[in-house]
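**Student:** Before I ask anything, here is the structure I am working with.
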Amino acid sequence: MEGTQMPQQLVETFTKDIEDSDVQFSDYKQYLSPALSKATDLVAESGKGMYLTDVNGKRYIDWVQGIAVNALGHAHPRVVQAAQEQIAKLITASFNVVNYPTTLKLAERIAQVTPGDLNSMLFANGGAEATDAAIKLARVVTGRPAVIAFKGSFHGRTIGATSITASNSFYRKGVEPLMGGVYFAPYPSKDLCPEGYDAKHRASWCLSEIEKLFKYCVSPDEVACIYAEPLQGEGGYVVPDPSFLQGLRQMCTEHGIMLVFDEIQSGYGRTGKMFASMHSQVVPDIMTVGKAIAGGFPMSAVISSEEHMSQWRPGMHGGTFGGNPVAGAAGLAVLDEFEEHHIVDHAAQLGDYFKSKLLELQQKYSFIADVRGQGMMLAIEFGSKGSKNGSDLFAEVSAKALDAGLLLLGCGADHDAIRFAAPLNSTTEEIDEGLDVFDGVLALL
C-alpha cells in the first residue's frame with residue numbers, strides 16, 4: 001500500500017497472522033504434560049465445514065472432526081451464531097445455582113428424540129464424567145456394587161471410566177488399583193470370539209460368556225449394571241448383531257440389572273439413526289451422550305427415566321460447569337439443523353455411499369482386511385503387506401495422508417485400523433474429494 005497507511009485493524013490482523021505462523025508445537029511442548037498424547041504436531045488456526053487450516057495456511061480435509069464431535073463440521077454458521085448471541089448475554093452462573101433458558105430447552109429437545117422413557121438428564125462436560133455419573137446412578141438405583149463391561153470398550157480416562165475401559169491395557173498402566181467390582185466379558189468382534197463364527201454366533205457366544213460370569217465370578221444380584229457401547233468405537237468400530245443387544249436387554253430385565261449404553265461417539269445420527277441402539281430396537285435404562293451434542297462445545301449428559309433419576313437425591317451428584325448456557329445454545333442450534341435438513345436420514349444415505357467406496361478400495365488393495373461400520377461411523381482394518389503388519393501400515397498411511405492434507409485417526413487395540421468421522425452433512429463430492437486423496441496415499445504403499 002505505497003503512499004497510504006494500512007488501517008490499524010488490518011495491521012493487527014496481519015501481525016497476528018505472522019505471529020501465528022511462527023507457532024510451532026515443539027516450542028511449547030515443554031509446558032504440556034506428555035500424558036495427553038498427540039496424534040500430530042499440527043497447530044490448527046481455523047476450520048470451516050470439512051476443512052481445517054493450520055497456522056501456516058495449509059488446508060486439510062478433516063475426517064477426525066474433534067473425534068466425531070463436529071457432526072455438522074467446523075464452525076457451522078447456525079452453531080456459531082447461537083453461541084455468539086448467548087456469550088453476549090451470559091457465559092455462566094453455574095447450573096447448580098440458577099437455571100438457563102437454553103439448557104432447559106435443550107433438555108426438553110433431547111428428551112423428544114431419545115428412545116423409550118429416557119427423558120430425564122443430568123448435564124456434564126465430557127464423556128468420562130458422564131460415565132462416572134452413570135455408574136453412580138446405576139449403583140444408587142439398584143443398591144448393588146458390581147459392573148460388567150466389555151473387552152474392547154472405551155469409556156474415558158477418569159478412574160471410574162478407566163476401570164470399565166478395556167480397549168487397550170496401556171490406558172490402565174500404572175494406575176492400578178482401579179475401581180473394584182468390575183468384570184469384563186468379550187464383545188462380539190472377530191478377534192475376541194472363536195474363529196469362524198459369524199455375527200449371530202459371536203453374539204450368542206458372548207452372551208453365554210456373561211452367563212459364565214454369573215456362574216463363576218459374580219452373582220447377578222450383585223450387578224448394578226451391564227455397561228456397553230451399542231457400536232464399539234475406540235475398540236475398532238465393531239457392529240454387533242442386533243441379537244447381542246437384545247440379549248443384554250433380556251438378561252438385565254430378568255435379573256434387575258441396569259442396562260447402560262454409551263452413545264457418546266455412536267449417538268446423534270452418526271450411525272444413520274439418532275442413536276445406535278435404535279438399529280436393534282433396544283432401549284437401555286441409562287444412556288450417556290456427548291461429543292456431537294453441542295456442536296463443538298464441551299458437553300455431555302446422563303439420561304434415564306424420571307423414575308430412576310428421582311432416586312438420585314439433590315446433592316448426590318453435580319459439577320460447576322455442567323449445563324453451560326453457551327453449550328446449551330449451541331446444542332439447540334445443532335438439533336434445529338438436524339431437524340430442518342434431515343441430517344440423520346442424510347447420514348444413513350451418505351454412509352451407504354461412503355461404505356460402498358471403501359469396499360471398492362478393498363477390492364483394489366488386498367492389504368485392506370476389513371471394511372465395517374454403520375452409517376457415517378465407518379472404519380477399515382489393515383492386514384499385512386510384505387514385511388509390514390497392520391499397525392505398520394496404519395502408521396505409514398496416517399503420516400502420508402497428513403502430508404497430503406488428509407487428517408485421519410486410528411482405532412482398535414492393535415492400532416491397525418482407521419476410523420472415518422467425516423461431518424454428517426458432507427456431500428458426496430466432499431467424500432469423493434477425501435477418498436481421492438486417500439486412494440493416492442494407499443497407492444504409495
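Letters for chains follow the order of the C-alpha cells (A, B, ...), residue numbers begin at 1 for each chain, and ligand numbers begin at 1 in the order shown.
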When you look at Ile286 (chain A) with a cut-off of 8 Å (counting only C-alpha atoms), what residues show up, excluding the ones that are within fewer than 5 positions of it in the same chain? I need them as JSON, numbers by chain.

**Tutor:** {"A": [118, 134, 138, 258, 259, 260, 261, 302, 303, 304, 305]}

**Student:** Residues as selected, all heavy atoms, written as a compact mmCIF listing (two decimals), in the first residue's frame, can you do that?

**Tutor:**
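Output below, filename result-v4.txt:
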```txt
# COMPACT_ATOMS: atom_id res chain seq x y z
N LEU A 118 -36.55 -42.44 28.25
CA LEU A 118 -35.31 -41.75 28.62
C LEU A 118 -35.54 -40.25 28.45
O LEU A 118 -35.26 -39.68 27.39
CB LEU A 118 -34.15 -42.24 27.75
CG LEU A 118 -33.83 -43.73 27.83
CD1 LEU A 118 -32.68 -44.08 26.88
CD2 LEU A 118 -33.47 -44.16 29.25
N ALA A 134 -22.98 -42.19 35.35
CA ALA A 134 -23.88 -43.30 35.03
C ALA A 134 -23.65 -44.49 35.96
O ALA A 134 -24.61 -45.16 36.38
CB ALA A 134 -23.69 -43.72 33.57
N ALA A 138 -26.49 -46.03 38.50
CA ALA A 138 -26.85 -47.45 38.49
C ALA A 138 -26.71 -48.06 39.88
O ALA A 138 -27.56 -48.87 40.31
CB ALA A 138 -25.99 -48.21 37.48
N MET A 258 -29.33 -52.82 35.64
CA MET A 258 -29.47 -51.66 34.76
C MET A 258 -28.64 -51.87 33.50
O MET A 258 -27.45 -52.21 33.59
CB MET A 258 -28.99 -50.39 35.48
CG MET A 258 -29.70 -50.10 36.79
SD MET A 258 -31.38 -49.50 36.55
CE MET A 258 -31.06 -47.79 36.15
N LEU A 259 -29.24 -51.66 32.34
CA LEU A 259 -28.52 -51.71 31.08
C LEU A 259 -28.11 -50.29 30.70
O LEU A 259 -28.96 -49.41 30.56
CB LEU A 259 -29.39 -52.32 29.98
CG LEU A 259 -28.76 -52.41 28.58
CD1 LEU A 259 -27.49 -53.26 28.60
CD2 LEU A 259 -29.77 -52.98 27.57
N VAL A 260 -26.81 -50.06 30.59
CA VAL A 260 -26.29 -48.74 30.26
C VAL A 260 -25.66 -48.78 28.88
O VAL A 260 -24.81 -49.63 28.60
CB VAL A 260 -25.22 -48.28 31.28
CG1 VAL A 260 -24.79 -46.84 30.98
CG2 VAL A 260 -25.75 -48.38 32.71
N PHE A 261 -26.07 -47.87 28.02
CA PHE A 261 -25.48 -47.75 26.68
C PHE A 261 -24.67 -46.45 26.60
O PHE A 261 -25.19 -45.37 26.90
CB PHE A 261 -26.56 -47.73 25.60
CG PHE A 261 -27.08 -49.09 25.24
CD1 PHE A 261 -28.26 -49.22 24.50
CD2 PHE A 261 -26.43 -50.26 25.61
CE1 PHE A 261 -28.76 -50.46 24.15
CE2 PHE A 261 -26.92 -51.51 25.28
CZ PHE A 261 -28.09 -51.61 24.55
N VAL A 302 -26.02 -37.61 31.14
CA VAL A 302 -26.51 -38.92 31.54
C VAL A 302 -28.03 -38.84 31.46
O VAL A 302 -28.64 -37.92 32.02
CB VAL A 302 -26.10 -39.26 32.98
CG1 VAL A 302 -26.62 -40.63 33.37
CG2 VAL A 302 -24.59 -39.21 33.12
N ILE A 303 -28.65 -39.79 30.75
CA ILE A 303 -30.09 -39.74 30.52
C ILE A 303 -30.73 -41.03 31.01
O ILE A 303 -30.24 -42.13 30.73
CB ILE A 303 -30.40 -39.54 29.02
CG1 ILE A 303 -29.60 -38.38 28.44
CG2 ILE A 303 -31.90 -39.31 28.81
CD1 ILE A 303 -29.74 -38.21 26.94
N SER A 304 -31.80 -40.89 31.75
CA SER A 304 -32.54 -42.05 32.23
C SER A 304 -34.01 -41.66 32.35
O SER A 304 -34.43 -40.60 31.89
CB SER A 304 -31.97 -42.53 33.58
OG SER A 304 -32.50 -43.79 33.94
N SER A 305 -34.79 -42.52 32.98
CA SER A 305 -36.21 -42.21 33.20
C SER A 305 -36.35 -41.34 34.45
O SER A 305 -35.47 -41.30 35.31
CB SER A 305 -37.00 -43.51 33.39
OG SER A 305 -36.60 -44.15 34.60
```

**Student:** Give me, as JSON lines, each residue of region 259-342 of chain A that comes within 10 Å of region 244-247 of chain A, together with its shortest interatomic pair and the distance in Å at one decimal, counting only C-alpha atoms, with rows ordered by chain and rising residue number.

**Tutor:**
```
{"residue": "A:Leu259", "atom": "CA", "partner": "A:Leu245", "partner_atom": "CA", "distance": 9.7}
{"residue": "A:Phe261", "atom": "CA", "partner": "A:Leu245", "partner_atom": "CA", "distance": 9.6}
{"residue": "A:Ser277", "atom": "CA", "partner": "A:Leu245", "partner_atom": "CA", "distance": 7.8}
{"residue": "A:His279", "atom": "CA", "partner": "A:Leu245", "partner_atom": "CA", "distance": 9.8}
{"residue": "A:Ser280", "atom": "CA", "partner": "A:Leu245", "partner_atom": "CA", "distance": 6.8}
{"residue": "A:Gln281", "atom": "CA", "partner": "A:Gln246", "partner_atom": "CA", "distance": 7.9}
{"residue": "A:Val282", "atom": "CA", "partner": "A:Gln246", "partner_atom": "CA", "distance": 6.2}
{"residue": "A:Val283", "atom": "CA", "partner": "A:Gln246", "partner_atom": "CA", "distance": 9.2}
{"residue": "A:Pro284", "atom": "CA", "partner": "A:Leu245", "partner_atom": "CA", "distance": 9.4}
```

**Student:** Write the selection just made, keeping C-alpha atoms, as a PDB file, in the first residue's frame?

**Tutor:**
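Saved to out02.pdb:
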```pdb
ATOM      1  CA  LEU A 259     -28.521 -51.714  31.076  1.00  0.00           C
ATOM      2  CA  PHE A 261     -25.484 -47.747  26.685  1.00  0.00           C
ATOM      3  CA  SER A 277     -29.247 -48.728  19.827  1.00  0.00           C
ATOM      4  CA  HIS A 279     -30.853 -50.288  14.960  1.00  0.00           C
ATOM      5  CA  SER A 280     -31.585 -53.119  17.413  1.00  0.00           C
ATOM      6  CA  GLN A 281     -34.752 -51.526  18.805  1.00  0.00           C
ATOM      7  CA  VAL A 282     -33.342 -51.843  22.314  1.00  0.00           C
ATOM      8  CA  VAL A 283     -33.957 -49.191  24.955  1.00  0.00           C
ATOM      9  CA  PRO A 284     -31.399 -49.058  27.793  1.00  0.00           C
TER      10      PRO A 284
END
```

**Student:** Show me, as a PyMOL selection string, the residues that have an atom within 12 Å of Leu424 (chain A) when counting only C-alpha atoms, minus same-chain residues fewer than 5 positions from it.

**Tutor:** chain A and resi 49-50+63-65+68-74+267-274+292+295+334+337-338+341-351+354+375-378+430-431

**Student:** As a ChimeraX atom specification, list the residues of region 179-399 of chain A assigned to strand (DSSP E or B) by DSSP on the backbone atoms of this structure.

**Tutor:** /A:182-186,223-228,232,238,258-262,286-289,300-304,368-374,377-382,385,388

**Student:** Now that the selection is made, can you save its residues with C-alpha atoms as an mmCIF file, in the first residue's frame?

**Tutor:**
```cif
data_model
loop_
_atom_site.group_PDB
_atom_site.id
_atom_site.type_symbol
_atom_site.label_atom_id
_atom_site.label_comp_id
_atom_site.auth_asym_id
_atom_site.auth_seq_id
_atom_site.Cartn_x
_atom_site.Cartn_y
_atom_site.Cartn_z
ATOM 1 C CA VAL A 182 -15.657 -54.658 37.587
ATOM 2 C CA TYR A 183 -15.896 -57.783 35.414
ATOM 3 C CA PHE A 184 -15.147 -57.988 31.691
ATOM 4 C CA ALA A 185 -16.864 -60.093 29.064
ATOM 5 C CA PRO A 186 -15.927 -60.387 25.368
ATOM 6 C CA VAL A 223 -24.516 -56.498 39.496
ATOM 7 C CA ALA A 224 -25.635 -52.870 39.281
ATOM 8 C CA CYS A 225 -25.259 -52.548 35.520
ATOM 9 C CA ILE A 226 -24.031 -54.016 32.288
ATOM 10 C CA TYR A 227 -22.210 -51.179 30.556
ATOM 11 C CA ALA A 228 -21.880 -51.429 26.769
ATOM 12 C CA GLN A 232 -17.922 -50.179 19.769
ATOM 13 C CA VAL A 238 -17.383 -53.028 15.709
ATOM 14 C CA MET A 258 -29.472 -51.659 34.763
ATOM 15 C CA LEU A 259 -28.521 -51.714 31.076
ATOM 16 C CA VAL A 260 -26.286 -48.740 30.258
ATOM 17 C CA PHE A 261 -25.484 -47.747 26.685
ATOM 18 C CA ASP A 262 -22.563 -45.461 25.930
ATOM 19 C CA ILE A 286 -29.382 -45.344 31.234
ATOM 20 C CA MET A 287 -27.727 -43.702 28.245
ATOM 21 C CA THR A 288 -24.699 -41.435 28.100
ATOM 22 C CA VAL A 289 -24.296 -38.896 25.296
ATOM 23 C CA SER A 300 -22.281 -34.471 27.841
ATOM 24 C CA ALA A 301 -25.278 -35.915 29.620
ATOM 25 C CA VAL A 302 -26.515 -38.919 31.537
ATOM 26 C CA ILE A 303 -30.089 -39.737 30.518
ATOM 27 C CA SER A 304 -32.537 -42.054 32.234
ATOM 28 C CA ILE A 368 -7.336 -53.782 3.410
ATOM 29 C CA ALA A 369 -8.542 -56.713 5.505
ATOM 30 C CA ASP A 370 -11.935 -55.387 6.544
ATOM 31 C CA VAL A 371 -14.442 -52.602 5.961
ATOM 32 C CA ARG A 372 -17.047 -52.189 8.682
ATOM 33 C CA GLY A 373 -19.346 -49.777 10.425
ATOM 34 C CA GLN A 374 -22.814 -48.292 10.215
ATOM 35 C CA MET A 377 -19.351 -44.438 11.609
ATOM 36 C CA LEU A 378 -17.005 -46.379 9.325
ATOM 37 C CA ALA A 379 -13.589 -47.989 9.583
ATOM 38 C CA ILE A 380 -11.129 -50.038 7.600
ATOM 39 C CA GLU A 381 -8.673 -52.515 9.062
ATOM 40 C CA PHE A 382 -5.292 -53.223 7.522
ATOM 41 C CA LYS A 385 1.759 -56.202 3.020
ATOM 42 C CA LYS A 388 4.647 -54.728 7.156
#
```

**Student:** Just the residues within 9 Å of Lys400 (chain A), please, counting only C-alpha atoms, with nothing from its chain fewer than 5 positions along; format it as a ChimeraX atom specification.

**Tutor:** /A:395,405-406,441-442,444

**Student:** Which residues of region 296-415 of chain A come within 10 Å of region 82-92 of chain A, and what is each one's closest atom pair and distance in Å (one decimal), counting only C-alpha atoms, sorted by chain and residue number, as JSON lines?

**Tutor:**
```
{"residue": "A:Phe297", "atom": "CA", "partner": "A:Ala83", "partner_atom": "CA", "distance": 9.3}
{"residue": "A:Thr320", "atom": "CA", "partner": "A:Thr92", "partner_atom": "CA", "distance": 9.4}
{"residue": "A:Phe321", "atom": "CA", "partner": "A:Thr92", "partner_atom": "CA", "distance": 7.7}
{"residue": "A:Gly322", "atom": "CA", "partner": "A:Thr92", "partner_atom": "CA", "distance": 9.9}
{"residue": "A:Gly323", "atom": "CA", "partner": "A:Thr92", "partner_atom": "CA", "distance": 9.2}
{"residue": "A:Asn324", "atom": "CA", "partner": "A:Thr92", "partner_atom": "CA", "distance": 6.2}
{"residue": "A:Pro325", "atom": "CA", "partner": "A:Thr92", "partner_atom": "CA", "distance": 6.5}
{"residue": "A:Val326", "atom": "CA", "partner": "A:Ala83", "partner_atom": "CA", "distance": 5.4}
{"residue": "A:Ala327", "atom": "CA", "partner": "A:Ala83", "partner_atom": "CA", "distance": 7.3}
{"residue": "A:Gly328", "atom": "CA", "partner": "A:Ala83", "partner_atom": "CA", "distance": 8.6}
{"residue": "A:Ala329", "atom": "CA", "partner": "A:Ala82", "partner_atom": "CA", "distance": 5.6}
{"residue": "A:Ala330", "atom": "CA", "partner": "A:Ala83", "partner_atom": "CA", "distance": 5.5}
{"residue": "A:Gly331", "atom": "CA", "partner": "A:Ala82", "partner_atom": "CA", "distance": 9.0}
{"residue": "A:Leu332", "atom": "CA", "partner": "A:Ala82", "partner_atom": "CA", "distance": 8.3}
{"residue": "A:Ala333", "atom": "CA", "partner": "A:Ala82", "partner_atom": "CA", "distance": 6.5}
{"residue": "A:Val334", "atom": "CA", "partner": "A:Ala82", "partner_atom": "CA", "distance": 9.6}
```

**Student:** Just list as a PyMOL selection string whatever in region 2-158 of chain A DSSP marks as alpha helix (DSSP H).

**Tutor:** chain A and resi 8-21+25-28+65-68+77-89+101-113+127-142

**Student:** Separation of CA of Pro177 (chain A) and CA of Gly160 (chain A), in Å?

**Tutor:**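 Separation of CA of Pro177 (chain A) and CA of Gly160 (chain A): 11.1 Å.
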
**Student:** Do you have the CA of Ser387 (chain A)-CA of Asp41 (chain A) distance handy?

**Tutor:**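 Taking CA of Ser387 (chain A) as the start and CA of Asp41 (chain A) as the end point, the length is 27.8 Å.
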